[in-house]
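Following: one structure in structure tokens, then a few remarks.
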Number of protein chains: 2
Amino acid sequence: MTYDVFMPVHCVYGHNAVTEKSALLSALGSKCLIVTGKSGAKKSGALADAIEALNKENIGYAVYDGIGENPLISSCWEAGRKAAETGAEFILGIGGGSAQDASKAIAFYATNPAFAPADIYGKDKGCIPPLPVALIGTTAGTGSEVTAVSVLTNDETGIKKSVKGPDCYARIAYCDPKYTYSLPYKATVSTALDAFAHAYEGFFTQKCEGVVRLFAEKCIPDLYACLKQISKDKSVDPSLRDSLYYGSIYAGLVINTCGTAFPHPLGYVLTENFGIPHGMACAAFAGHFLDRCRIFSPEKFSEFIRMTDDSDMVKEVISDLVNLEGVSISPEDARIYSARWEKAVPKNFISSPGSLTREEAESFLVI
Amino acid sequence: MTYDVFMPVHCVYGHNAVTEKSALLSALGSKCLIVTGKSGAKKSGALADAIEALNKENIGYAVYDGIGENPLISSCWEAGRKAAETGAEFILGIGGGSAQDASKAIAFYATNPAFAPADIYGKDKGCIPPLPVALIGTTAGTGSEVTAVSVLTNDETGIKKSVKGPDCYARIAYCDPKYTYSLPYKATVSTALDAFAHAYEGFFTQKCEGVVRLFAEKCIPDLYACLKQISKDKSVDPSLRDSLYYGSIYAGLVINTCGTAFPHPLGYVLTENFGIPHGMACAAFAGHFLDRCRIFSPEKFSEFIRMTDDSDMVKEVISDLVNLEGVSISPEDARIYSARWEKAVPKNFISSPGSLTREEAESFLVI
């Protein structure tokens, strides 16, 4: 079996990466659009550092701060127009998964005004190359810094769907864990659960070989140790922050090659219908996932257990951190939610150990 | 401290990578120049697989098989002219370090007829982007598949010097260990020593952090175990071949970020003046290097020892495999050879633990 590894993002790791390596931005252009959510970019200190870096390099900028959690296609389209109108030559996305994923879409919309917003899913049919993107992460979860994926939410249906492709890679990712230091407890837990989900979901796919397996074997024990500690303390020891952040980047490199497994699309249902934060929503299905891994991928499961804890303990640590308050899904509701997979199940179902049918997914959705 | 990681080569790993993933070549063009040495590409089976892949994708090709060991600038220039004349849209390099390094230079010469051959070292001053390059490795040593480096030999002076830069990256690297299976004992040993030198020289630089350190920690024990086995058996157990090859790729990823240390430029002297194969020539200085690492980088040295053996045993395994027959360098000769570093010592000296002066280098050259 052959396996591909393609990791073209120029990553700068470490404290003060943005200001120390600001010169890299010059290669992307002399004017940019900064893309952020409402507050994270400011609170984390990342926006201030970014502006310092841009000023140092004499790069002009405009700001679009209208990206919400689970970014809407309409917001990205609007920001794309703003990028074009202000003559931005690149996009500088600052934030968690939402701002980063949005930045990739905005870079596309900026150069493709002839495409209707929803046509981003057909971008491979003759789009103009998107603007280059630089990213600054502020959460230890998404891994979007290093992936060729952008998950967007359809304004009308409310359904999350990912856009992919080599043109979704950032050119530069600044990976400085200090921007995660001010992240509140709940957001830290949810994003950390997301990172851990990326690590184990990717690990159990067949594509997790060689370099990528090395990444998985690095971040699974690191992220698990952090989550176990958080579960015990019910707070985030500052000493865990760097490990959580770097773990999230390794986990991003894992899913970039391996993709995620069934907990991700199932999690979307909890986010779309009950507002459960993404990481927590995916982690809600960890128990079902690990049970199937034990049955259908016993060798890898033994390795996973060696890297973490016994199976019950891992499930306990995760479920202790997952808060599904307000979620109630009857078998009838589950049938309605799972209708989206009636025509075809997503790749994530097929790449999960033992695969997953629509009916099985439906049964897992009953909460 | 911040550190950069940039690994943009699309790597396809595994047996039959070339024929299974031939479609990737289509994106590079419809005609190519195959670049090889005299025999390795044929004997290894790589050339036949490459031609099968090109035929499958309807890609035309011409062949240049005039690359010798330690490729001359003149050969690369000549092949560059051939690439241009035959309308090649990309270069497909097949071989060990020589054919691969040459391919990167040929890709430059093909698009830059206005540059004089030696001007490749000034290529960053306004050259036309080189042709894209795809590489197929046939030795477990160079790591050139994944690096942005090409080492060329000056026809007049006989001196080896490296060309570097983001435009020296291959677009695609096919990493199939089966092409190394037919490599003779001596070439296997020398290239394996080269790979191991990349691993330990890179490991002891300050840049060896994060992702890259993970790679070093993976390939150091793997490559050492192979070398120890080879030293014991005085032959290459076929079961070691895959591990040696993948180890050489990890080690390539290490030097791509970290660079090499002083054994490399010192090794050039033995290759240029006594025809000692590159890997063996660098390994000849491993003892001096490890002695200095123990003194100037004690913590990392302890980690290195944990991953391998006690220091004397590591040095013994290496020196047992190094054959310096015919090399005799008097203090006077050493002074002459070291004159090249009179104006300035190379970066590799400075990045070595404890750094290295010209005088120290001179003393190490006395053999």
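Please note that chains go A, B, ... in the order of the structure tokens, that every chain numbers its residues from 1, and that ligands are numbered from 1 in the order shown.
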
**Prompt:** Skipping near chain neighbours, those fewer than 4 positions away, what residues fall within 7 Å of region 48-59 of chain B using only C-alpha atoms, listed as a PyMOL selection string?
**Reply:** chain B and resi 18-19+22-23+26+30-31+42

Write a file of the just-selected residues containing C-alpha atoms, as a PDB file, in the first residue's frame.
```
ATOM      1  CA  VAL B  18       5.562   5.276  -9.063  1.00  0.00           C
ATOM      2  CA  THR B  19       3.144   3.118 -10.997  1.00  0.00           C
ATOM      3  CA  SER B  22       1.555   8.006 -11.821  1.00  0.00           C
ATOM      4  CA  ALA B  23      -1.359  10.398 -12.219  1.00  0.00           C
ATOM      5  CA  SER B  26       0.334  14.622 -15.324  1.00  0.00           C
ATOM      6  CA  SER B  30       3.105  16.396 -20.981  1.00  0.00           C
ATOM      7  CA  LYS B  31       6.807  15.957 -21.737  1.00  0.00           C
ATOM      8  CA  LYS B  42      18.117   0.711 -14.810  1.00  0.00           C
TER       9      LYS B  42
END
```

**Message:** Please find the residues of chain A near chain B - the criterion being any atom within 12 Å, counting only C-alpha atoms - and write them as a ChimeraX atom specification.
**Reply:** /A:1-22,24,146,166,169-177,207,209-219,242-243,246-247,249-251,253,257

Resulting file, chosen residues, C-alpha atoms, as a compact mmCIF listing (two decimals), in the first residue's frame:
```
# COMPACT_ATOMS: atom_id res chain seq x y z
CA MET A 1 0.00 0.00 0.00
CA THR A 2 1.24 3.48 -0.78
CA TYR A 3 0.48 6.56 1.23
CA ASP A 4 0.83 10.24 0.43
CA VAL A 5 2.14 12.96 2.69
CA PHE A 6 1.78 16.55 1.59
CA MET A 7 2.36 19.29 4.17
CA PRO A 8 3.16 22.44 2.25
CA VAL A 9 2.36 25.04 4.90
CA HIS A 10 5.40 26.98 6.08
CA CYS A 11 4.96 26.73 9.86
CA VAL A 12 6.71 28.97 12.32
CA TYR A 13 6.51 27.51 15.81
CA GLY A 14 7.24 29.13 19.11
CA HIS A 15 6.65 32.15 21.29
CA ASN A 16 6.70 35.48 19.42
CA ALA A 17 6.67 33.74 16.04
CA VAL A 18 4.53 36.49 14.46
CA THR A 19 6.74 39.39 15.38
CA GLU A 20 10.05 37.52 14.99
CA LYS A 21 9.22 36.12 11.56
CA SER A 22 7.13 38.99 10.21
CA LEU A 24 7.66 36.08 5.71
CA VAL A 146 -1.98 23.03 8.67
CA PRO A 166 -4.60 22.00 -2.32
CA TYR A 169 -3.63 25.39 2.33
CA ALA A 170 -2.34 28.46 4.10
CA ARG A 171 1.04 29.63 2.86
CA ILE A 172 2.21 30.49 6.36
CA ALA A 173 0.99 29.39 9.79
CA TYR A 174 2.23 31.10 12.92
CA CYS A 175 1.93 28.56 15.71
CA ASP A 176 2.45 30.44 18.96
CA PRO A 177 0.81 28.78 21.97
CA LYS A 207 -3.98 6.12 5.97
CA GLU A 209 1.21 5.35 8.31
CA GLY A 210 4.80 6.54 8.35
CA VAL A 211 5.33 10.22 9.07
CA VAL A 212 1.69 10.76 9.93
CA ARG A 213 1.58 7.83 12.33
CA LEU A 214 4.60 9.32 14.05
CA PHE A 215 2.59 12.53 14.54
CA ALA A 216 -0.37 10.58 15.90
CA GLU A 217 1.85 8.65 18.29
CA LYS A 218 3.27 11.94 19.50
CA CYS A 219 0.03 13.82 20.09
CA ASP A 242 1.88 24.69 25.15
CA SER A 243 1.50 20.93 25.04
CA TYR A 246 1.41 21.80 19.76
CA GLY A 247 -0.65 18.63 20.18
CA ILE A 249 -1.05 21.04 15.36
CA TYR A 250 0.25 17.46 15.24
CA ALA A 251 -3.36 16.28 15.28
CA LEU A 253 -1.28 17.13 10.42
CA THR A 257 -3.69 13.11 5.55
```

**Message:** Give me the residues near region 285-287 of chain B as a list in words, where near means some atom within 8 Å (using only C-alpha atoms) and where sequence neighbours in that chain fewer than 4 positions away do not count.
**Reply:**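 Counting only C-alpha atoms, the residues come to Ala197, Pro263, Leu266, Gly267, Ala281, Asp291, Lys315, Ile318 and Phe364 of chain B.
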
**Request:** Give me the residues within 9 Å of Ile230 (chain A) as JSON, numbers by chain, counting only C-alpha atoms and dropping any in the same chain fewer than 4 places off.
**Result:** {"A": [189, 225, 226, 234, 235, 236, 237, 240, 321]}

**DSSP-assigned helix (DSSP H, G or I) among region 104-201 of chain A, expressed as a PyMOL selection string** = chain A and resi 104-111+117-122+144-146+166-168+177-180+185-201

**Straight-line distance linking CA of Cys293 (chain A) with CA of Asn273 (chain A), stated in Å to one decimal** =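 Between CA of Cys293 (chain A) and CA of Asn273 (chain A) the gap is 27.4 Å.
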
**Message:** Using only C-alpha atoms, can you tell me which of B:His288, B:Gly326, B:Ala41, B:Pro346 comes closest to Asp312 (chain B)?
**Reply:** B:His288

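In this comparison, which uses only C-alpha atoms, the residue of B:Leu33, B:Val254, B:Val317, B:Leu92 approaching Leu193 (chain B) most closely is B:Val317.
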
**Request:** Find the residues around Val327 (chain B) up to 8 Å (only C-alpha atoms counted), leave out those fewer than 5 positions away in its own chain, and share them as a VMD selection string.
**Result:** chain B and resid 270 274 367

Using the selection just defined, write its residues with C-alpha atoms as a JSON list (two decimals), in the first residue's frame.
```
[["chain", "number", "residue", "atom", "x", "y", "z"],
["B", 270, "LEU", "CA", 38.17, 13.34, 1.25],
["B", 274, "PHE", "CA", 40.81, 10.80, -2.59],
["B", 367, "ILE", "CA", 44.63, 11.35, 8.72]]
```

**Request:** Tell me, as a list in words, which residues lie within 9 Å of Ile94 (chain B), counting only C-alpha atoms; anything in the same chain fewer than 6 positions away does not count.
**Result:** Ile34, Val35, Thr36, Gly37, Gly40, Ala41, Ala46, Leu47, Ala50, Gln100, Ser103, Ala134, Leu135, Ile136, Gly137 and Thr138 of chain B

Keeping N, CA and C atoms for every residue in the selection just given, could you write it to a file as a compact mmCIF listing (two decimals), in the first residue's frame?
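Once written, result.txt looks like this:
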```txt
# COMPACT_ATOMS: atom_id res chain seq x y z
N ILE B 34 14.07 12.65 -18.49
CA ILE B 34 14.48 11.72 -17.44
C ILE B 34 15.98 11.90 -17.23
N VAL B 35 16.39 12.09 -16.00
CA VAL B 35 17.80 12.30 -15.68
C VAL B 35 18.29 11.15 -14.81
N THR B 36 19.34 10.49 -15.26
CA THR B 36 19.88 9.37 -14.48
C THR B 36 21.40 9.35 -14.54
N GLY B 37 21.97 8.48 -13.72
CA GLY B 37 23.39 8.17 -13.84
C GLY B 37 23.55 7.05 -14.86
N GLY B 40 22.41 2.86 -12.22
CA GLY B 40 21.54 2.60 -11.06
C GLY B 40 20.05 2.64 -11.38
N ALA B 41 19.63 3.59 -12.20
CA ALA B 41 18.21 3.73 -12.50
C ALA B 41 17.69 2.49 -13.21
N ALA B 46 13.85 1.12 -11.34
CA ALA B 46 13.13 2.40 -11.24
C ALA B 46 12.85 3.00 -12.61
N LEU B 47 13.81 2.87 -13.52
CA LEU B 47 13.63 3.46 -14.85
C LEU B 47 12.46 2.78 -15.58
N ALA B 50 9.30 3.98 -14.15
CA ALA B 50 9.05 5.38 -14.54
C ALA B 50 8.50 5.44 -15.96
N GLN B 100 19.65 13.04 -8.31
CA GLN B 100 18.60 13.90 -7.75
C GLN B 100 19.08 15.35 -7.64
N SER B 103 19.26 16.89 -10.99
CA SER B 103 17.95 17.21 -11.56
C SER B 103 17.49 18.61 -11.16
N ALA B 134 10.30 15.99 -10.45
CA ALA B 134 9.84 14.81 -9.70
C ALA B 134 11.05 13.92 -9.49
N LEU B 135 11.13 13.28 -8.34
CA LEU B 135 12.30 12.47 -8.02
C LEU B 135 11.92 11.05 -7.63
N ILE B 136 12.76 10.13 -8.03
CA ILE B 136 12.62 8.73 -7.62
C ILE B 136 13.96 8.31 -7.03
N GLY B 137 13.99 8.04 -5.75
CA GLY B 137 15.24 7.68 -5.08
C GLY B 137 15.59 6.21 -5.29
N THR B 138 16.88 5.94 -5.41
CA THR B 138 17.33 4.54 -5.55
C THR B 138 18.41 4.18 -4.53
```

Excluding Pro221 (chain B) and any residue of its chain fewer than 3 positions from it, enumerate the residues within 6 Å of it, using only C-alpha atoms, and give them as a PDB file with C-alpha atoms, in the first residue's frame.
```pdb
ATOM      1  CA  TYR B 224      21.844   2.948  14.004  1.00  0.00           C
ATOM      2  CA  ALA B 225      20.252  -0.473  14.496  1.00  0.00           C
ATOM      3  CA  MET B 307      18.700   6.089  21.383  1.00  0.00           C
ATOM      4  CA  THR B 308      21.823   4.214  20.261  1.00  0.00           C
TER       5      THR B 308
END
```

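Here CA of Ala83 (chain B) is placed at a distance of 29.0 Å from CA of Ser248 (chain B).
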
**Asked** Using only C-alpha atoms, which of B:Ile255, B:Ile73, B:Cys127, B:Leu290 sits nearest Ser311 (chain B)?
**Response**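 Using only C-alpha atoms, Ser311 (chain B) sits closest to B:Leu290.
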